[in-house]
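Below is one structure; the comments refer to it alone.
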Amino acid sequence: MNLQLIPEPQVVQSRGTEPVSGIRGWTVQLQLPVKDVRLLTAAQRIFAEVTVRTTHDGSGIFSLVTEGTPLNPLLARRVEGKHDGYVLITDTDRIELYALSASGLFYGLKTLEQLLHTGGDRVPALTIADWAELKLRSDYLDLRTVYPTYEHILEYIAELADYKINTLVIEYEDKLPFRKLGFLRHPELAFTEEEHQRLLKTAHDHFVTVIPKQQSFGHLEYILKHPAYIGLREVPETVSELCPHRPGSFEMMAGILEEVAALHPHSDYLHLGCDEVWTLGTCEDCKRSGLTPEASFIRFVNQLAEKTVSLGKQPMIWHDMIMHATAEEIAALDKRIVVVVWIYGGHRMKADARLILHKLRDAGIETLGASSVRCWDDNGDQNYPVIHNRVKNVLDWIELARSEQLGGIIHTNWGCPFSLGSPYGLFETSRYPAFLAAEQSWNAGADLSTFLVRFLHRFHGLPAALLSGEEWADYAVTDYYALIPQLLPEVRKNRLTAELIDAMIQYEIPAQRRSPLHTFLFRGAMSPGSEEVLTFLRDKYRSGYGDLLRAKQRMETVLAELLPPQMAELFIRSRFYRPELFEADLHAMITDLEIIEQKAGDS
């Protein structure tokens with residue numbers, strides 16, 4: 001049955017060929033073992049009238065049925081023992097929805113909402129029994145360099161629920177409204193306390209749990225740049241890494257963790273980061289300790305964990321700094337820590353992941369996995385995810401989650417290699433692999449071959465008829481970005497995302513793909529008097545930089561809708577600084593180039 005849903009449900013059974021219409025005008029009764037206004041709000045988005053009754057029968061069943069329909073609580077047992085499970089029945093005369101949790105009923109309503117949007121308010125008569133493969137299904141919001149406007153962030157958090165994502169790890173860096181340590185706030189871009197509270201409420205309203213990510217060992221550029229903390233660096237020339245043996249290091253981090261925990265009173269976890277502390281063990285204080293880098297790392301992390309637990313949170317860390325630790329060293333790691341194993345590619349990806357997962361489990365350490373829907377990929381200049389790598393990595397982790405019985409996966413989404421690095425691209429362009437990861441985390445048996453078409457229909461609103469021709473059988477799941485320019489005229493939803501991808505491709509053609517000027521500029525330096533070389537460079541400049549100028553103007557138009565002004569400027573400079581340096585070199589070689597530039601701009 002072609003329902004065009006994301007995620008695809010686990011079980012779908014037809015109840016007949018006659019479609020169900022008029023649902024939005026029906027009156028339904030919501031029966032809940034505990035009051036939850038979020039379910040009432042979700043039901044009111046669909047139905048004309050919703051009545052609510054709190055039950056006290058001890059069954060623990062959440063239900064929504066058309067007025068006058070007798071309850072059939074036995075149906076809820078179909079998803080007993082499943083994560084976020086629900087059973088949905090649509091028929092010509094009724095709706096029935098059952099779950100054993102509030103989240104399950106919420107996701108059932110989300111599926112009904114998708115069916116209504118897809119079918120133009122008419123839905124097929126069917127029975128759906130559905131549940132999540134993984135308990136923790138996490139997206140990632142990286143606020144270090146370039147990220148959406150505040151209102152777009154709120155829209156994105158609400159949208160996570162549509163794809164049944166239930167967790168969001170947020171790397172705030174200096175965007176948190178620190179109180180006691182107010183000097184850590186970004187002077188212009190930090191959330192106000194009211195904005196932060198609204199963000200957390202938006203997540204809660206959509207059954208999304210926020211896990212704050214507070215780097216506590218490496219990647220501390222925004223902290224160790226302050227004069228009061230420069231002396232805590234492992235080595236003075238590396239701004240991002242903390243010495244664990246230096247007096248004051250733990251006290252500094254303990255104070256920051258107190259603030260982060262207080263700002264997230266309802267979060268069960270606090271992610272401490274602790275990855276990529278490359279210089280650890282090289283300073284004199286570390287050498288005097290007599291400990292290996294791994295032992296030093298574990299000693300300091302245990303201190304951080306003790307502090308985190310005292311704040312009512314369970315600590316998480318990344319795995320990489322203990323990947324080569326001995327069994328004896330790992331045995332010393334605090335057992336209350338959750339270690340998140342992140343490996344984003346490579347031919348040994350699954351083998352290496354299994355080695356560290358088994359080593360940690362043997363030591364009694366809880367583990368999670370981490371894929372990446374956007375990361376370095378040996379391409380720091382990427383404008384959207386390197387999709388063939390990202391799809392493979394997601395699928396590899398889904399396979400590992402099954403074989404290693406992992407409780408969840410954090411699908412990371414990195415905006416840059418580190419806070420002072422160049423942005424990979426814009427967050428909006430990563431929704432495609434992120435929602436593919438969401439589907440696989442919910443239903444690992446979902447049909448990967450139809451995901452491209454379902455995404456174009458669901459996310460971009462392309463008509464189903466347009467996506468049903470024979471040629472669509474020739475497209476692979478990795479063809480999304482390449483297809484956007486030709487599909488752009490038909491895009492009806494999330495058009496800014498499509499326009500952004502198209503603008504990035506229009507930039508890449510002259511800057512990277514079609515004989516960019518910098519690949520030939522050395523000839524002008526080697527042959528300054530050569531007529532043929534200078535004529536050749538004029539021609540390349542005329543075509544290439546004319547297109548580049550138009551791409552820049554297009555990019556600026558799109559970014560004005562998506563980013564705060566200072567972020568838009570940062571991103572534009574990250575893309576055009578180098579080609580403009582090459583242009584300046586060419587101006588020095590060819591003194592009459594201004595005339596050519598004018599012609600290119602006018603063409």
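Chain lettering (A, B, ...) mirrors the order of the structure tokens, residue numbering begins at 1 for each chain separately, and ligand numbering begins at 1 in order of display.
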Non-local contacts of Thr145 of chain A (8 Å; only C-alpha atoms; under 3 positions in same chain excluded) as a ChimeraX atom specification: /A:142,415-416,419-420,423,567
Would you put the residues from that selection into a file with C-alpha atoms, as a short mmCIF file (atom, residue, chain, number, x, y, z; two decimals), in the first residue's frame?
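part-v8.cif was written with the following content:
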```cif
data_model
loop_
_atom_site.label_atom_id
_atom_site.label_comp_id
_atom_site.auth_asym_id
_atom_site.auth_seq_id
_atom_site.Cartn_x
_atom_site.Cartn_y
_atom_site.Cartn_z
CA ASP A 142 25.07 22.47 16.39
CA GLY A 415 27.94 22.53 11.29
CA CYS A 416 31.75 22.85 11.24
CA SER A 419 34.04 26.59 16.35
CA LEU A 420 36.75 28.58 14.53
CA PRO A 423 31.02 26.04 8.09
CA MET A 567 25.81 34.74 10.17
#
```
Which of segment 97-182 of chain A fall in helix (DSSP H, G or I), as number ranges by chain: A: 102-118, 150-162, 173-175, 182
Take the residues just selected and output them with N, CA, C and O atoms as a short mmCIF file (atom, residue, chain, number, x, y, z; two decimals), in the first residue's frame.
```cif
data_model
loop_
_atom_site.label_atom_id
_atom_site.label_comp_id
_atom_site.auth_asym_id
_atom_site.auth_seq_id
_atom_site.Cartn_x
_atom_site.Cartn_y
_atom_site.Cartn_z
N ALA A 102 1.65 7.93 26.48
CA ALA A 102 1.23 9.20 25.90
C ALA A 102 1.95 9.45 24.58
O ALA A 102 1.35 9.92 23.60
N SER A 103 3.25 9.12 24.54
CA SER A 103 4.01 9.33 23.30
C SER A 103 3.47 8.46 22.18
O SER A 103 3.41 8.89 21.02
N GLY A 104 3.07 7.22 22.50
CA GLY A 104 2.51 6.36 21.47
C GLY A 104 1.25 6.94 20.86
O GLY A 104 1.09 6.95 19.63
N LEU A 105 0.35 7.45 21.70
CA LEU A 105 -0.87 8.05 21.16
C LEU A 105 -0.54 9.29 20.33
O LEU A 105 -1.13 9.52 19.26
N PHE A 106 0.44 10.06 20.79
CA PHE A 106 0.86 11.26 20.05
C PHE A 106 1.36 10.89 18.66
O PHE A 106 0.99 11.51 17.66
N TYR A 107 2.19 9.85 18.57
CA TYR A 107 2.73 9.46 17.27
C TYR A 107 1.64 8.86 16.38
O TYR A 107 1.70 9.00 15.15
N GLY A 108 0.63 8.22 16.98
CA GLY A 108 -0.49 7.77 16.18
C GLY A 108 -1.25 8.93 15.56
O GLY A 108 -1.65 8.88 14.39
N LEU A 109 -1.42 10.00 16.33
CA LEU A 109 -2.06 11.21 15.79
C LEU A 109 -1.20 11.83 14.69
O LEU A 109 -1.72 12.35 13.69
N LYS A 110 0.12 11.77 14.86
CA LYS A 110 1.01 12.30 13.82
C LYS A 110 0.88 11.51 12.52
O LYS A 110 0.91 12.08 11.42
N THR A 111 0.73 10.19 12.63
CA THR A 111 0.53 9.37 11.44
C THR A 111 -0.79 9.73 10.77
O THR A 111 -0.85 9.86 9.53
N LEU A 112 -1.84 9.89 11.55
CA LEU A 112 -3.14 10.27 10.98
C LEU A 112 -3.03 11.63 10.29
O LEU A 112 -3.59 11.83 9.20
N GLU A 113 -2.32 12.54 10.90
CA GLU A 113 -2.13 13.87 10.31
C GLU A 113 -1.42 13.77 8.97
O GLU A 113 -1.80 14.43 7.99
N GLN A 114 -0.38 12.93 8.89
CA GLN A 114 0.32 12.73 7.61
C GLN A 114 -0.61 12.13 6.56
O GLN A 114 -0.60 12.55 5.39
N LEU A 115 -1.41 11.16 6.96
CA LEU A 115 -2.35 10.55 6.01
C LEU A 115 -3.32 11.58 5.45
O LEU A 115 -3.62 11.59 4.25
N LEU A 116 -3.79 12.46 6.31
CA LEU A 116 -4.74 13.49 5.87
C LEU A 116 -4.07 14.48 4.92
O LEU A 116 -4.66 14.88 3.92
N HIS A 117 -2.85 14.88 5.23
CA HIS A 117 -2.13 15.81 4.34
C HIS A 117 -1.86 15.17 2.99
O HIS A 117 -2.00 15.80 1.94
N THR A 118 -1.46 13.90 3.02
CA THR A 118 -1.12 13.20 1.79
C THR A 118 -2.34 12.96 0.92
O THR A 118 -2.29 13.08 -0.30
N TYR A 150 16.10 32.15 15.10
CA TYR A 150 15.41 31.58 16.26
C TYR A 150 14.05 30.99 15.89
O TYR A 150 13.71 29.87 16.30
N GLU A 151 13.27 31.72 15.11
CA GLU A 151 11.94 31.22 14.74
C GLU A 151 12.05 29.96 13.91
O GLU A 151 11.24 29.03 14.05
N HIS A 152 13.05 29.89 13.04
CA HIS A 152 13.25 28.66 12.25
C HIS A 152 13.67 27.49 13.14
O HIS A 152 13.31 26.34 12.87
N ILE A 153 14.43 27.77 14.19
CA ILE A 153 14.80 26.70 15.13
C ILE A 153 13.56 26.13 15.80
O ILE A 153 13.40 24.91 15.92
N LEU A 154 12.66 26.99 16.22
CA LEU A 154 11.42 26.51 16.85
C LEU A 154 10.60 25.69 15.87
O LEU A 154 10.04 24.64 16.24
N GLU A 155 10.51 26.13 14.62
CA GLU A 155 9.77 25.37 13.61
C GLU A 155 10.41 24.00 13.39
O GLU A 155 9.71 22.99 13.24
N TYR A 156 11.72 23.98 13.36
CA TYR A 156 12.46 22.72 13.16
C TYR A 156 12.21 21.76 14.31
O TYR A 156 11.97 20.56 14.11
N ILE A 157 12.24 22.25 15.55
CA ILE A 157 12.00 21.38 16.70
C ILE A 157 10.61 20.77 16.64
O ILE A 157 10.41 19.58 16.88
N ALA A 158 9.62 21.59 16.27
CA ALA A 158 8.26 21.06 16.13
C ALA A 158 8.19 20.02 15.02
O ALA A 158 7.47 19.01 15.14
N GLU A 159 8.95 20.24 13.95
CA GLU A 159 8.92 19.32 12.81
C GLU A 159 9.53 17.96 13.16
O GLU A 159 9.17 16.95 12.55
N LEU A 160 10.43 17.91 14.13
CA LEU A 160 11.03 16.64 14.52
C LEU A 160 9.95 15.61 14.87
O LEU A 160 10.09 14.42 14.57
N ALA A 161 8.89 16.07 15.50
CA ALA A 161 7.83 15.15 15.91
C ALA A 161 7.14 14.52 14.72
O ALA A 161 6.67 13.38 14.79
N ASP A 162 7.06 15.24 13.59
CA ASP A 162 6.43 14.68 12.39
C ASP A 162 7.16 13.43 11.92
O ASP A 162 6.55 12.54 11.32
N GLU A 173 27.27 25.87 23.01
CA GLU A 173 28.48 26.66 23.15
C GLU A 173 28.16 27.96 23.90
O GLU A 173 27.67 27.92 25.02
N ASP A 174 28.38 29.13 23.29
CA ASP A 174 28.17 30.39 24.00
C ASP A 174 26.78 30.99 23.74
O ASP A 174 26.59 32.19 23.94
N LYS A 175 25.84 30.15 23.34
CA LYS A 175 24.49 30.66 23.05
C LYS A 175 23.53 30.47 24.21
O LYS A 175 22.38 30.90 24.15
N GLY A 182 28.06 35.06 33.11
CA GLY A 182 27.50 35.81 31.99
C GLY A 182 28.51 36.18 30.93
O GLY A 182 28.14 36.40 29.77
#
```
Counting only C-alpha atoms, the option among A:Gln382, A:Thr192, A:Gly461, A:Phe297 closest to Glu508 of chain A: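 Under the stated criterion, the closest residue is A:Gln382.
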Gap from atom CA of Pro528 of chain A to atom CA of Pro579 of chain A - Å, one decimal: 20.3 Å
Contact residues around Ala353 of chain A with only C-alpha atoms at 12 Å, ignoring same-chain residues under 4 positions, as a PyMOL selection string: chain A and resi 319-320+323+340-349+357-360+367-371+393+396-397+399-401+403-404+406
Secondary structure check, strand (DSSP E) residues of segment 343-590 of chain A, as number ranges by chain: A: 366-374, 408-413
Generate a file of the selected residues that holds N, CA and C atoms, formatted as a compact mmCIF listing (two decimals), in the first residue's frame.
```txt
# COMPACT_ATOMS: atom_id res chain seq x y z
N GLU A 366 27.37 1.46 29.93
CA GLU A 366 26.25 1.61 29.00
C GLU A 366 26.72 2.34 27.75
N THR A 367 26.22 1.91 26.58
CA THR A 367 26.66 2.49 25.31
C THR A 367 25.47 2.90 24.44
N LEU A 368 25.72 3.89 23.59
CA LEU A 368 24.83 4.28 22.50
C LEU A 368 25.70 4.41 21.24
N GLY A 369 25.05 4.46 20.09
CA GLY A 369 25.77 4.70 18.85
C GLY A 369 25.58 6.12 18.37
N ALA A 370 26.44 6.55 17.46
CA ALA A 370 26.31 7.87 16.84
C ALA A 370 26.74 7.79 15.38
N SER A 371 25.78 8.03 14.50
CA SER A 371 26.10 8.21 13.08
C SER A 371 26.29 9.70 12.85
N SER A 372 26.50 10.07 11.61
CA SER A 372 26.49 11.49 11.27
C SER A 372 25.75 11.71 9.96
N VAL A 373 24.83 12.65 9.97
CA VAL A 373 24.14 13.02 8.74
C VAL A 373 24.85 14.17 8.03
N ARG A 374 25.86 14.75 8.72
CA ARG A 374 26.72 15.78 8.10
C ARG A 374 27.97 15.88 8.95
N GLY A 408 19.75 3.14 21.38
CA GLY A 408 19.48 4.33 20.59
C GLY A 408 20.69 4.79 19.81
N ILE A 409 20.43 5.74 18.91
CA ILE A 409 21.48 6.35 18.09
C ILE A 409 21.29 7.86 18.11
N ILE A 410 22.39 8.57 18.32
CA ILE A 410 22.40 10.02 18.12
C ILE A 410 22.91 10.26 16.70
N HIS A 411 22.04 10.79 15.86
CA HIS A 411 22.44 11.08 14.48
C HIS A 411 23.00 12.50 14.45
N THR A 412 24.32 12.60 14.62
CA THR A 412 24.94 13.92 14.76
C THR A 412 24.87 14.71 13.45
N ASN A 413 24.93 16.02 13.60
CA ASN A 413 24.81 16.92 12.46
C ASN A 413 25.74 18.10 12.71
```
Distance query Ala132 of chain A at most 9 Å, only C-alpha atoms, self and fewer than 4 positions along chain excluded, as a list in words: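 Contacts, in chain order: Gln10, Lys82, His83, Asp84, Gly85, Arg137, Lys164, Ser441, Trp442 and Asn443 of chain A.
Every protein, DNA or RNA residue with an atom at most 8 Å from Thr497 of chain A, where only C-alpha atoms count and chain neighbours fewer than 4 positions away do not, is listed here: Glu428, Thr429 and Ile501 of chain A.
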Keeping only C-alpha atoms, write the selected residues to a file as a PDB file, in the first residue's frame.
```
ATOM      1  CA  GLU A 428      18.626  23.304   6.188  1.00  0.00           C
ATOM      2  CA  THR A 429      20.405  21.274   3.520  1.00  0.00           C
ATOM      3  CA  ILE A 501      20.467  23.778  -2.437  1.00  0.00           C
TER       4      ILE A 501
END
```
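Of the residues under consideration (A:Ile23, A:Gln4, A:Glu276, A:Asp352), A:Gln4 shows the shortest atom-to-atom contact distance to Leu467 of chain A when counting only C-alpha atoms.
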